[in-house]
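Colleague: So that we are looking at the same thing, I have put the structure below in structure tokens.
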Amino acid sequence: MGQSNRGFSDTGLRRVRDVLARHVDSGKIPGLVALVSRYGETHVETLGTMRHDGGAPMRRDTIFRMASTSKPVAVSAAMVLLDECRLRLDDPVQEWLPELADRQVLRQADGPLDDTVPARRP
């Protein structure tokens, strides 16, 4: 594929595949189908299987239940901001979502919902 001024580089696509493969290899998810598109060039990556215990391999045309559909939209917007250098992945979240500043968290994960303390870090 090589490098083009508008699409993807082989190195970049390998990095994407490596990151995605780590999630499948860790056992957190059984498999995935990812699609990235940039300036009219589209790349599809399929990894793993449909179930944790094996099953059919993921394919380009694997059908998924629709859930959390706002996430792809939010991620697409974030990727545009990243590409324009207007957002960094290590920005403190309260710069973008001030309502998350001065968060309270549970004192204990299994404790009562009203037993909270200030978060130790942003």
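Identifiers in the structure tokens: chain A, B, ... in order shown; residue index from 1 per chain; ligand index from 1 in order shown.
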Residues at most 8 Å from stretch 42-54 of chain A, counting only C-alpha atoms, excluding those fewer than 6 positions away in the same chain, as JSON, numbers by chain?

Modeller: {"A": [17, 20, 21, 24, 27, 29, 30, 31, 32, 33, 34, 35, 36, 60]}

Colleague: Excluding A:Asp115 and any residue of its chain fewer than 4 positions from it, enumerate the residues within 9 Å of it, using only C-alpha atoms, and give them as an mmCIF file with N, CA and C atoms, in the first residue's frame.

Modeller:
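Generated output (selection.cif):
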data_model
loop_
_atom_site.group_PDB
_atom_site.id
_atom_site.type_symbol
_atom_site.label_atom_id
_atom_site.label_comp_id
_atom_site.auth_asym_id
_atom_site.auth_seq_id
_atom_site.Cartn_x
_atom_site.Cartn_y
_atom_site.Cartn_z
ATOM 1 N N VAL A 105 -15.685 10.286 44.317
ATOM 2 C CA VAL A 105 -15.672 8.857 44.010
ATOM 3 C C VAL A 105 -16.061 8.082 45.265
ATOM 4 N N LEU A 106 -16.491 6.849 45.068
ATOM 5 C CA LEU A 106 -16.836 6.009 46.219
ATOM 6 C C LEU A 106 -15.595 5.751 47.070
ATOM 7 N N ARG A 107 -15.770 5.794 48.386
ATOM 8 C CA ARG A 107 -14.661 5.481 49.304
ATOM 9 C C ARG A 107 -14.221 4.032 49.093
ATOM 10 N N GLN A 108 -15.194 3.142 48.903
ATOM 11 C CA GLN A 108 -14.919 1.740 48.604
ATOM 12 C C GLN A 108 -15.791 1.348 47.417
ATOM 13 N N GLY A 111 -18.995 0.014 48.454
ATOM 14 C CA GLY A 111 -19.625 0.754 49.541
ATOM 15 C C GLY A 111 -20.915 1.429 49.138
#

Colleague: Would you return as an MDAnalysis selection string the members of chain A that DSSP assigns to strand (DSSP E or B) on this structure's backbone?

Modeller: chainID A and resid 31:38 41:51 54:57 104:106 116:118

Colleague: Run DSSP on the backbone and grab whatever in stretch 44-109 of chain A lands in alpha helix (DSSP H); send it over as a list in words.

Modeller: Ser70, Lys71, Pro72, Val73, Ala74, Val75, Ser76, Ala77, Ala78, Met79, Val80, Leu81, Leu82 and Asp83 of chain A

Colleague: Please produce an output containing N, CA and C atoms for each residue in the selection, written as a PDB file, in the first residue's frame.

Modeller:
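What landed in out-v2.pdb:
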ATOM      1  N   SER A  70     -23.536   6.203  20.308  1.00  0.00           N
ATOM      2  CA  SER A  70     -22.964   7.552  20.381  1.00  0.00           C
ATOM      3  C   SER A  70     -21.441   7.503  20.432  1.00  0.00           C
ATOM      4  N   LYS A  71     -20.880   6.387  20.861  1.00  0.00           N
ATOM      5  CA  LYS A  71     -19.420   6.288  20.971  1.00  0.00           C
ATOM      6  C   LYS A  71     -18.706   6.462  19.630  1.00  0.00           C
ATOM      7  N   PRO A  72     -19.137   5.799  18.555  1.00  0.00           N
ATOM      8  CA  PRO A  72     -18.441   6.023  17.277  1.00  0.00           C
ATOM      9  C   PRO A  72     -18.505   7.472  16.813  1.00  0.00           C
ATOM     10  N   VAL A  73     -19.627   8.130  17.074  1.00  0.00           N
ATOM     11  CA  VAL A  73     -19.754   9.529  16.677  1.00  0.00           C
ATOM     12  C   VAL A  73     -18.790  10.387  17.491  1.00  0.00           C
ATOM     13  N   ALA A  74     -18.748  10.158  18.803  1.00  0.00           N
ATOM     14  CA  ALA A  74     -17.851  10.921  19.668  1.00  0.00           C
ATOM     15  C   ALA A  74     -16.385  10.661  19.310  1.00  0.00           C
ATOM     16  N   VAL A  75     -16.052   9.414  19.024  1.00  0.00           N
ATOM     17  CA  VAL A  75     -14.676   9.083  18.660  1.00  0.00           C
ATOM     18  C   VAL A  75     -14.303   9.726  17.329  1.00  0.00           C
ATOM     19  N   SER A  76     -15.219   9.739  16.386  1.00  0.00           N
ATOM     20  CA  SER A  76     -14.944  10.385  15.103  1.00  0.00           C
ATOM     21  C   SER A  76     -14.652  11.866  15.294  1.00  0.00           C
ATOM     22  N   ALA A  77     -15.444  12.524  16.117  1.00  0.00           N
ATOM     23  CA  ALA A  77     -15.208  13.948  16.392  1.00  0.00           C
ATOM     24  C   ALA A  77     -13.863  14.147  17.089  1.00  0.00           C
ATOM     25  N   ALA A  78     -13.550  13.278  18.044  1.00  0.00           N
ATOM     26  CA  ALA A  78     -12.264  13.384  18.744  1.00  0.00           C
ATOM     27  C   ALA A  78     -11.098  13.170  17.782  1.00  0.00           C
ATOM     28  N   MET A  79     -11.247  12.247  16.830  1.00  0.00           N
ATOM     29  CA  MET A  79     -10.166  11.991  15.874  1.00  0.00           C
ATOM     30  C   MET A  79      -9.924  13.206  14.984  1.00  0.00           C
ATOM     31  N   VAL A  80     -10.995  13.904  14.613  1.00  0.00           N
ATOM     32  CA  VAL A  80     -10.836  15.131  13.823  1.00  0.00           C
ATOM     33  C   VAL A  80     -10.070  16.165  14.648  1.00  0.00           C
ATOM     34  N   LEU A  81     -10.457  16.335  15.915  1.00  0.00           N
ATOM     35  CA  LEU A  81      -9.760  17.289  16.779  1.00  0.00           C
ATOM     36  C   LEU A  81      -8.297  16.896  16.986  1.00  0.00           C
ATOM     37  N   LEU A  82      -8.027  15.593  17.099  1.00  0.00           N
ATOM     38  CA  LEU A  82      -6.640  15.122  17.222  1.00  0.00           C
ATOM     39  C   LEU A  82      -5.859  15.441  15.959  1.00  0.00           C
ATOM     40  N   ASP A  83      -6.471  15.168  14.805  1.00  0.00           N
ATOM     41  CA  ASP A  83      -5.820  15.411  13.528  1.00  0.00           C
ATOM     42  C   ASP A  83      -5.502  16.896  13.339  1.00  0.00           C
TER      43      ASP A  83
END

Colleague: For A:Trp96, work out the shell of residues within 10 Å, counting only C-alpha atoms and skipping chain neighbours fewer than 5 positions away, then give it as a ChimeraX atom specification.

Modeller: /A:87,91,101
